[in-house]
>>> print(open('target.json').read())   # JSON, C-alpha atoms
[["chain", "number", "residue", "atom", "x", "y", "z"],
["M", 1, "MET", "CA", 0.00, 0.00, 0.00],
["M", 2, "ALA", "CA", 1.45, 3.33, -1.10],
["M", 3, "LEU", "CA", 2.43, 5.67, 1.72],
["M", 4, "ILE", "CA", 1.78, 9.36, 1.35],
["M", 5, "ASN", "CA", 4.09, 11.89, 2.97],
["M", 6, "LEU", "CA", 2.27, 15.21, 2.72],
["M", 7, "ALA", "CA", 5.08, 17.16, 4.40],
["M", 8, "ALA", "CA", 7.50, 16.07, 1.66],
["M", 9, "ARG", "CA", 4.74, 16.04, -0.99],
["M", 10, "GLU", "CA", 5.67, 12.48, -1.94],
["M", 11, "ILE", "CA", 3.92, 9.22, -2.50],
["M", 12, "ASN", "CA", 6.07, 6.21, -1.63],
["M", 13, "TYR", "CA", 5.76, 2.87, -3.40],
["M", 14, "LYS", "CA", 7.37, -0.43, -2.45],
["M", 15, "ILE", "CA", 8.55, -2.80, -5.18],
["M", 16, "VAL", "CA", 9.92, -6.19, -4.21],
["M", 17, "TYR", "CA", 12.18, -8.29, -6.41],
["M", 18, "TYR", "CA", 11.19, -11.88, -5.73],
["M", 19, "GLY", "CA", 12.57, -15.16, -7.05],
["M", 20, "CYS", "CA", 14.66, -18.20, -6.28],
["M", 21, "GLY", "CA", 18.23, -18.04, -5.02],
["M", 22, "LEU", "CA", 20.82, -16.75, -7.49],
["M", 23, "CYS", "CA", 18.22, -15.80, -10.12],
["M", 24, "GLY", "CA", 19.51, -12.21, -10.43],
["M", 25, "LYS", "CA", 17.49, -10.16, -7.91],
["M", 26, "THR", "CA", 20.55, -8.65, -6.25],
["M", 27, "THR", "CA", 22.27, -8.09, -9.60],
["M", 28, "ASN", "CA", 19.22, -6.11, -10.79],
["M", 29, "ILE", "CA", 19.19, -3.88, -7.71],
["M", 30, "GLN", "CA", 22.95, -3.30, -7.82],
["M", 31, "HIS", "CA", 22.82, -2.39, -11.52],
["M", 32, "ILE", "CA", 19.97, 0.07, -10.96],
["M", 33, "HIS", "CA", 21.73, 1.64, -8.01],
["M", 34, "ARG", "CA", 24.95, 2.13, -9.99],
["M", 35, "ARG", "CA", 23.13, 3.76, -12.91],
["M", 36, "VAL", "CA", 20.61, 6.02, -11.14],
["M", 37, "ASN", "CA", 21.70, 9.61, -10.67],
["M", 38, "PRO", "CA", 23.23, 9.86, -7.17],
["M", 39, "ALA", "CA", 21.12, 12.95, -6.47],
["M", 40, "ALA", "CA", 17.95, 10.92, -7.06],
["M", 41, "ARG", "CA", 18.75, 7.78, -5.10],
["M", 42, "GLY", "CA", 19.19, 6.67, -1.54],
["M", 43, "ARG", "CA", 21.92, 4.47, -0.16],
["M", 44, "LEU", "CA", 22.11, 0.81, -1.03],
["M", 45, "VAL", "CA", 21.52, -0.96, 2.24],
["M", 46, "SER", "CA", 22.19, -4.61, 2.80],
["M", 47, "ILE", "CA", 20.55, -6.15, 5.83],
["M", 48, "ALA", "CA", 22.51, -9.31, 6.40],
["M", 49, "THR", "CA", 22.79, -12.04, 8.97],
["M", 50, "GLU", "CA", 25.21, -14.91, 8.84],
["M", 51, "GLU", "CA", 22.94, -16.79, 6.47],
["M", 52, "GLU", "CA", 20.82, -14.29, 4.53],
["M", 53, "ARG", "CA", 20.78, -10.89, 2.92],
["M", 54, "THR", "CA", 18.11, -8.41, 1.90],
["M", 55, "LEU", "CA", 19.02, -5.41, -0.24],
["M", 56, "TYR", "CA", 17.13, -2.15, -0.14],
["M", 57, "PHE", "CA", 17.39, 1.30, -1.62],
["M", 58, "ASP", "CA", 15.02, 4.00, -2.66],
["M", 59, "PHE", "CA", 15.11, 6.44, -5.50],
["M", 60, "LEU", "CA", 13.10, 9.42, -6.62],
["M", 61, "PRO", "CA", 12.67, 9.25, -10.39],
["M", 62, "LEU", "CA", 12.45, 12.62, -12.04],
["M", 63, "SER", "CA", 10.88, 11.42, -15.29],
["M", 64, "LEU", "CA", 7.78, 9.60, -14.06],
["M", 65, "GLY", "CA", 6.10, 12.77, -12.92],
["M", 66, "ALA", "CA", 3.58, 13.23, -10.16],
["M", 67, "VAL", "CA", 0.61, 11.27, -8.87],
["M", 68, "LYS", "CA", -2.22, 13.43, -7.55],
["M", 69, "GLY", "CA", 0.22, 16.34, -7.30],
["M", 70, "LEU", "CA", 2.79, 14.33, -5.32],
["M", 71, "ARG", "CA", 6.26, 13.29, -6.45],
["M", 72, "THR", "CA", 6.81, 9.55, -6.67],
["M", 73, "ARG", "CA", 9.47, 7.74, -4.69],
["M", 74, "PHE", "CA", 10.13, 4.04, -5.15],
["M", 75, "HIS", "CA", 11.64, 1.78, -2.53],
["M", 76, "LEU", "CA", 13.20, -1.34, -4.05],
["M", 77, "TYR", "CA", 13.78, -4.50, -2.03],
["M", 78, "THR", "CA", 14.99, -8.01, -2.68],
["M", 79, "VAL", "CA", 14.00, -11.08, -0.73],
["M", 80, "PRO", "CA", 16.36, -13.84, 0.35],
["M", 81, "GLY", "CA", 16.26, -16.42, -2.42],
["M", 82, "GLN", "CA", 16.52, -19.58, -0.37],
["M", 83, "SER", "CA", 13.15, -20.97, 0.69],
["M", 84, "PHE", "CA", 14.23, -21.65, 4.27],
["M", 85, "TYR", "CA", 14.20, -17.86, 4.83],
["M", 86, "ASN", "CA", 10.45, -17.71, 4.34],
["M", 87, "ALA", "CA", 9.86, -15.63, 7.50],
["M", 88, "SER", "CA", 12.13, -12.92, 6.08],
["M", 89, "ARG", "CA", 10.39, -13.12, 2.72],
["M", 90, "LYS", "CA", 7.03, -12.51, 4.41],
["M", 91, "LEU", "CA", 8.39, -9.49, 6.28],
["M", 92, "VAL", "CA", 9.80, -7.94, 3.13],
["M", 93, "LEU", "CA", 6.44, -8.40, 1.36],
["M", 94, "GLN", "CA", 4.50, -6.43, 3.97],
["M", 95, "GLY", "CA", 3.07, -3.28, 2.41],
["M", 96, "VAL", "CA", 4.18, -4.20, -1.11],
["M", 97, "ASP", "CA", 2.76, -2.29, -4.08],
["M", 98, "GLY", "CA", 4.51, -4.17, -6.87],
["M", 99, "ILE", "CA", 6.42, -7.37, -7.55],
["M", 100, "VAL", "CA", 9.19, -8.05, -10.03],
["M", 101, "PHE", "CA", 9.32, -11.82, -10.23],
["M", 102, "VAL", "CA", 12.81, -12.64, -11.50],
["M", 103, "VAL", "CA", 12.92, -15.96, -13.35],
["M", 104, "ASP", "CA", 16.16, -17.85, -13.91],
["M", 105, "SER", "CA", 15.64, -18.99, -17.51],
["M", 106, "GLN", "CA", 17.97, -21.99, -17.26],
["M", 107, "VAL", "CA", 16.34, -25.40, -17.75],
["M", 108, "SER", "CA", 18.17, -26.68, -14.66],
["M", 109, "ARG", "CA", 16.40, -24.08, -12.45],
["M", 110, "LEU", "CA", 12.79, -24.89, -13.34],
["M", 111, "ASP", "CA", 11.88, -26.52, -10.02],
["M", 112, "GLU", "CA", 13.32, -23.62, -8.01],
["M", 113, "ASN", "CA", 11.41, -21.08, -10.14],
["M", 114, "VAL", "CA", 8.11, -22.92, -9.69],
["M", 115, "ASP", "CA", 8.68, -23.33, -5.94],
["M", 116, "SER", "CA", 9.46, -19.63, -5.57],
["M", 117, "TYR", "CA", 6.42, -18.62, -7.62],
["M", 118, "LEU", "CA", 4.09, -20.78, -5.52],
["M", 119, "ASN", "CA", 5.77, -19.47, -2.37],
["M", 120, "LEU", "CA", 5.08, -15.89, -3.49],
["M", 121, "TRP", "CA", 1.37, -16.65, -3.93],
["M", 122, "ASP", "CA", 1.24, -18.40, -0.54],
["M", 123, "ASN", "CA", 3.01, -15.58, 1.28],
["M", 124, "LEU", "CA", 0.80, -12.90, -0.23],
["M", 125, "ALA", "CA", -2.35, -14.92, 0.54],
["M", 126, "SER", "CA", -1.24, -15.31, 4.17],
["M", 127, "GLN", "CA", -1.17, -11.50, 4.37],
["M", 128, "GLY", "CA", -4.54, -11.07, 2.68],
["M", 129, "GLU", "CA", -2.97, -9.85, -0.57],
["M", 130, "ASP", "CA", -3.78, -11.04, -4.07],
["M", 131, "LEU", "CA", -0.97, -11.09, -6.63],
["M", 132, "SER", "CA", -3.42, -10.27, -9.41],
["M", 133, "LYS", "CA", -4.28, -6.97, -7.70],
["M", 134, "LEU", "CA", -0.66, -5.79, -7.42],
["M", 135, "GLY", "CA", 1.58, -4.32, -10.09],
["M", 136, "VAL", "CA", 3.45, -7.42, -11.30],
["M", 137, "ILE", "CA", 6.07, -8.00, -13.96],
["M", 138, "LEU", "CA", 8.01, -11.12, -14.85],
["M", 139, "GLN", "CA", 11.62, -10.67, -15.77],
["M", 140, "MET", "CA", 12.99, -13.62, -17.72],
["M", 141, "ASN", "CA", 16.62, -13.30, -16.67],
["M", 142, "LYS", "CA", 19.80, -14.99, -17.90],
["M", 143, "ARG", "CA", 18.61, -15.01, -21.51],
["M", 144, "ASP", "CA", 22.27, -14.90, -22.59],
["M", 145, "LEU", "CA", 22.99, -18.42, -21.32],
["M", 146, "GLY", "CA", 22.65, -21.75, -23.12],
["M", 147, "SER", "CA", 20.10, -24.41, -22.22],
["M", 148, "ILE", "CA", 17.25, -22.02, -21.41],
["M", 149, "PHE", "CA", 13.48, -22.33, -21.69],
["M", 150, "SER", "CA", 11.56, -20.29, -24.22],
["M", 151, "VAL", "CA", 9.82, -17.21, -22.89],
["M", 152, "SER", "CA", 6.45, -18.65, -23.92],
["M", 153, "ASP", "CA", 7.04, -21.89, -21.97],
["M", 154, "LEU", "CA", 8.12, -19.98, -18.84],
["M", 155, "SER", "CA", 5.18, -17.59, -19.18],
["M", 156, "GLU", "CA", 2.75, -20.49, -19.41],
["M", 157, "LEU", "CA", 4.11, -21.91, -16.16],
["M", 158, "LEU", "CA", 4.71, -18.72, -14.18],
["M", 159, "ASN", "CA", 2.44, -15.97, -15.49],
["M", 160, "HIS", "CA", -1.05, -16.68, -14.19],
["M", 161, "THR", "CA", -1.74, -12.96, -13.84],
["M", 162, "ASP", "CA", -1.07, -12.21, -17.54],
["M", 163, "SER", "CA", 1.57, -9.71, -16.45],
["M", 164, "PRO", "CA", 4.08, -8.00, -18.72],
["M", 165, "VAL", "CA", 7.23, -10.00, -19.45],
["M", 166, "VAL", "CA", 10.70, -8.58, -20.08],
["M", 167, "GLU", "CA", 13.68, -10.57, -21.28],
["M", 168, "ALA", "CA", 16.88, -9.64, -19.47],
["M", 169, "CYS", "CA", 20.47, -10.29, -18.63],
["M", 170, "ALA", "CA", 20.90, -8.52, -15.29],
["M", 171, "LEU", "CA", 24.65, -9.11, -15.33],
["M", 172, "THR", "CA", 25.07, -6.86, -18.38],
["M", 173, "GLY", "CA", 22.06, -4.64, -17.62],
["M", 174, "VAL", "CA", 19.98, -5.71, -20.63],
["M", 175, "GLY", "CA", 16.31, -5.37, -19.73],
["M", 176, "VAL", "CA", 16.96, -4.17, -16.17],
["M", 177, "PHE", "CA", 15.64, -0.63, -16.58],
["M", 178, "GLU", "CA", 12.87, -1.75, -18.92],
["M", 179, "THR", "CA", 11.72, -4.09, -16.14],
["M", 180, "LEU", "CA", 11.89, -1.35, -13.52],
["M", 181, "LYS", "CA", 10.13, 1.23, -15.67],
["M", 182, "THR", "CA", 7.31, -1.21, -16.47],
["M", 183, "ALA", "CA", 6.97, -2.13, -12.78],
["M", 184, "CYS", "CA", 6.84, 1.54, -11.72],
["M", 185, "LYS", "CA", 4.18, 2.37, -14.31],
["M", 186, "GLN", "CA", 2.08, -0.62, -13.23],
["M", 187, "VAL", "CA", 2.31, 0.33, -9.56],
["M", 188, "ILE", "CA", 1.25, 3.90, -10.29],
["M", 189, "ALA", "CA", -1.64, 2.73, -12.50],
["M", 190, "LYS", "CA", -2.85, 0.25, -9.85],
["M", 191, "SER", "CA", -2.76, 2.89, -7.12],
["M", 192, "ALA", "CA", -4.67, 5.37, -9.29],
["M", 193, "HIS", "CA", -7.52, 2.85, -9.56],
["M", 194, "SER", "CA", -7.73, 2.11, -5.84]]
>>> encode(input="target.json", output="structure tokens")
Amino acid sequence: MALINLAAREINYKIVYYGCGLCGKTTNIQHIHRRVNPAARGRLVSIATEEERTLYFDFLPLSLGAVKGLRTRFHLYTVPGQSFYNASRKLVLQGVDGIVFVVDSQVSRLDENVDSYLNLWDNLASQGEDLSKLGVILQMNKRDLGSIFSVSDLSELLNHTDSPVVEACALTGVGVFETLKTACKQVIAKSAHS
């Protein structure tokens, strides 16, 4: 749920990058942070324990304009990829406005992708949220590697909300900002209708 800060004349949105371990969530966030104008971004914060890590930063895009007369600020988070950190995943999802589901396109990662996708639905349902009512985008990552599934096959398995799909290679930055821009537009559009 978007948070409005009238004193700062801002509306704050939370976008969570979700997916299995090592699918590219952290690489996406790090790439965005490196490329966003330092005057328009917050610090990259890593909340880490011995076993897990969650990345967070916010940025204030200057090109997306205003919503109801307020500037937009986006807070980007990643979840721990490993399923045994489910409690942390649930905490990160609280108050989410949009989801970027990062898919590892490699054939060998199919089971992990499906498990993470089902886990996302379960975690949102346990908080009374419905994935189909949030701004959602699927990023088909690691498209530069061999032995990958087609986008249509992955979409059939993992896109039950008929969400936009972007092909990407987060390591080189291909598709990273297209994914983010699409997610931001969806989040704004969803909040305008609520």
>>> residues_around(input="target.json", residues="Leu138 in chain M", least_positions_apart="6", cutoff="8 Å", atoms="only C-alpha atoms", output="number ranges by chain")
M: 100-103, 159, 163-166
>>> residues_around(input="target.json", residues="Leu76 in chain M", least_positions_apart="6", cutoff="12 Å", atoms="all atoms listed in the file", output="PyMOL selection string")
chain M and resi 12-18+25-26+28-30+32-33+41-46+54-60+92-93+96-100+180+183-184
>>> closest_residue(input="target.json", among="M:His75, M:Val67, M:Gln106, M:Leu120", to="Val151 in chain M", atoms="all atoms listed in the file")
M:Gln106
>>> atom_distance(input="target.json", atom1="CA of Val107 in chain M", atom2="CA of Val136 in chain M")
23.0 Å
>>> closest_residue(input="target.json", among="M:Ala66, M:Val79, M:Leu22, M:Ile47", to="Asn141 in chain M", atoms="only C-alpha atoms")
M:Leu22
>>> closest_residue(input="target.json", among="M:Leu157, M:Ala125, M:Ile148, M:Ile188", to="Arg73 in chain M", atoms="all atoms listed in the file")
M:Ile188
>>> atom_distance(input="target.json", atom1="CA of Gly24 in chain M", atom2="CA of Ala170 in chain M")
6.3 Å
>>> atom_distance(input="target.json", atom1="CA of Ala192 in chain M", atom2="CA of Gly135 in chain M")
11.6 Å
>>> closest_residue(input="target.json", among="M:Asn37, M:Gly95, M:Gly81, M:Leu171", to="Leu3 in chain M", atoms="all atoms listed in the file")
M:Gly95
>>> closest_residue(input="target.json", among="M:Thr179, M:Thr172, M:Arg143, M:Lys133", to="Trp121 in chain M", atoms="all atoms listed in the file")
M:Lys133
>>> decode(input="target.json", residues="range 99-140 of chain M", atoms="C-alpha atoms", output="PDB file, in the first residue's frame")
ATOM      1  CA  ILE M  99       6.419  -7.366  -7.553  1.00  0.00           C
ATOM      2  CA  VAL M 100       9.190  -8.049 -10.030  1.00  0.00           C
ATOM      3  CA  PHE M 101       9.319 -11.824 -10.233  1.00  0.00           C
ATOM      4  CA  VAL M 102      12.810 -12.642 -11.504  1.00  0.00           C
ATOM      5  CA  VAL M 103      12.917 -15.958 -13.354  1.00  0.00           C
ATOM      6  CA  ASP M 104      16.163 -17.850 -13.912  1.00  0.00           C
ATOM      7  CA  SER M 105      15.638 -18.990 -17.513  1.00  0.00           C
ATOM      8  CA  GLN M 106      17.968 -21.988 -17.257  1.00  0.00           C
ATOM      9  CA  VAL M 107      16.342 -25.397 -17.755  1.00  0.00           C
ATOM     10  CA  SER M 108      18.165 -26.682 -14.658  1.00  0.00           C
ATOM     11  CA  ARG M 109      16.400 -24.076 -12.453  1.00  0.00           C
ATOM     12  CA  LEU M 110      12.787 -24.885 -13.341  1.00  0.00           C
ATOM     13  CA  ASP M 111      11.880 -26.523 -10.021  1.00  0.00           C
ATOM     14  CA  GLU M 112      13.324 -23.616  -8.006  1.00  0.00           C
ATOM     15  CA  ASN M 113      11.412 -21.080 -10.144  1.00  0.00           C
ATOM     16  CA  VAL M 114       8.112 -22.918  -9.690  1.00  0.00           C
ATOM     17  CA  ASP M 115       8.683 -23.333  -5.940  1.00  0.00           C
ATOM     18  CA  SER M 116       9.457 -19.627  -5.566  1.00  0.00           C
ATOM     19  CA  TYR M 117       6.417 -18.622  -7.616  1.00  0.00           C
ATOM     20  CA  LEU M 118       4.093 -20.780  -5.523  1.00  0.00           C
ATOM     21  CA  ASN M 119       5.771 -19.465  -2.369  1.00  0.00           C
ATOM     22  CA  LEU M 120       5.076 -15.888  -3.485  1.00  0.00           C
ATOM     23  CA  TRP M 121       1.370 -16.649  -3.925  1.00  0.00           C
ATOM     24  CA  ASP M 122       1.240 -18.396  -0.538  1.00  0.00           C
ATOM     25  CA  ASN M 123       3.013 -15.577   1.284  1.00  0.00           C
ATOM     26  CA  LEU M 124       0.797 -12.902  -0.226  1.00  0.00           C
ATOM     27  CA  ALA M 125      -2.354 -14.918   0.539  1.00  0.00           C
ATOM     28  CA  SER M 126      -1.239 -15.314   4.168  1.00  0.00           C
ATOM     29  CA  GLN M 127      -1.167 -11.495   4.373  1.00  0.00           C
ATOM     30  CA  GLY M 128      -4.541 -11.068   2.683  1.00  0.00           C
ATOM     31  CA  GLU M 129      -2.971  -9.846  -0.570  1.00  0.00           C
ATOM     32  CA  ASP M 130      -3.775 -11.041  -4.069  1.00  0.00           C
ATOM     33  CA  LEU M 131      -0.970 -11.091  -6.635  1.00  0.00           C
ATOM     34  CA  SER M 132      -3.417 -10.274  -9.414  1.00  0.00           C
ATOM     35  CA  LYS M 133      -4.281  -6.972  -7.697  1.00  0.00           C
ATOM     36  CA  LEU M 134      -0.656  -5.791  -7.421  1.00  0.00           C
ATOM     37  CA  GLY M 135       1.581  -4.321 -10.093  1.00  0.00           C
ATOM     38  CA  VAL M 136       3.449  -7.420 -11.298  1.00  0.00           C
ATOM     39  CA  ILE M 137       6.069  -8.000 -13.959  1.00  0.00           C
ATOM     40  CA  LEU M 138       8.005 -11.122 -14.851  1.00  0.00           C
ATOM     41  CA  GLN M 139      11.620 -10.670 -15.766  1.00  0.00           C
ATOM     42  CA  MET M 140      12.989 -13.622 -17.723  1.00  0.00           C
TER      43      MET M 140
END
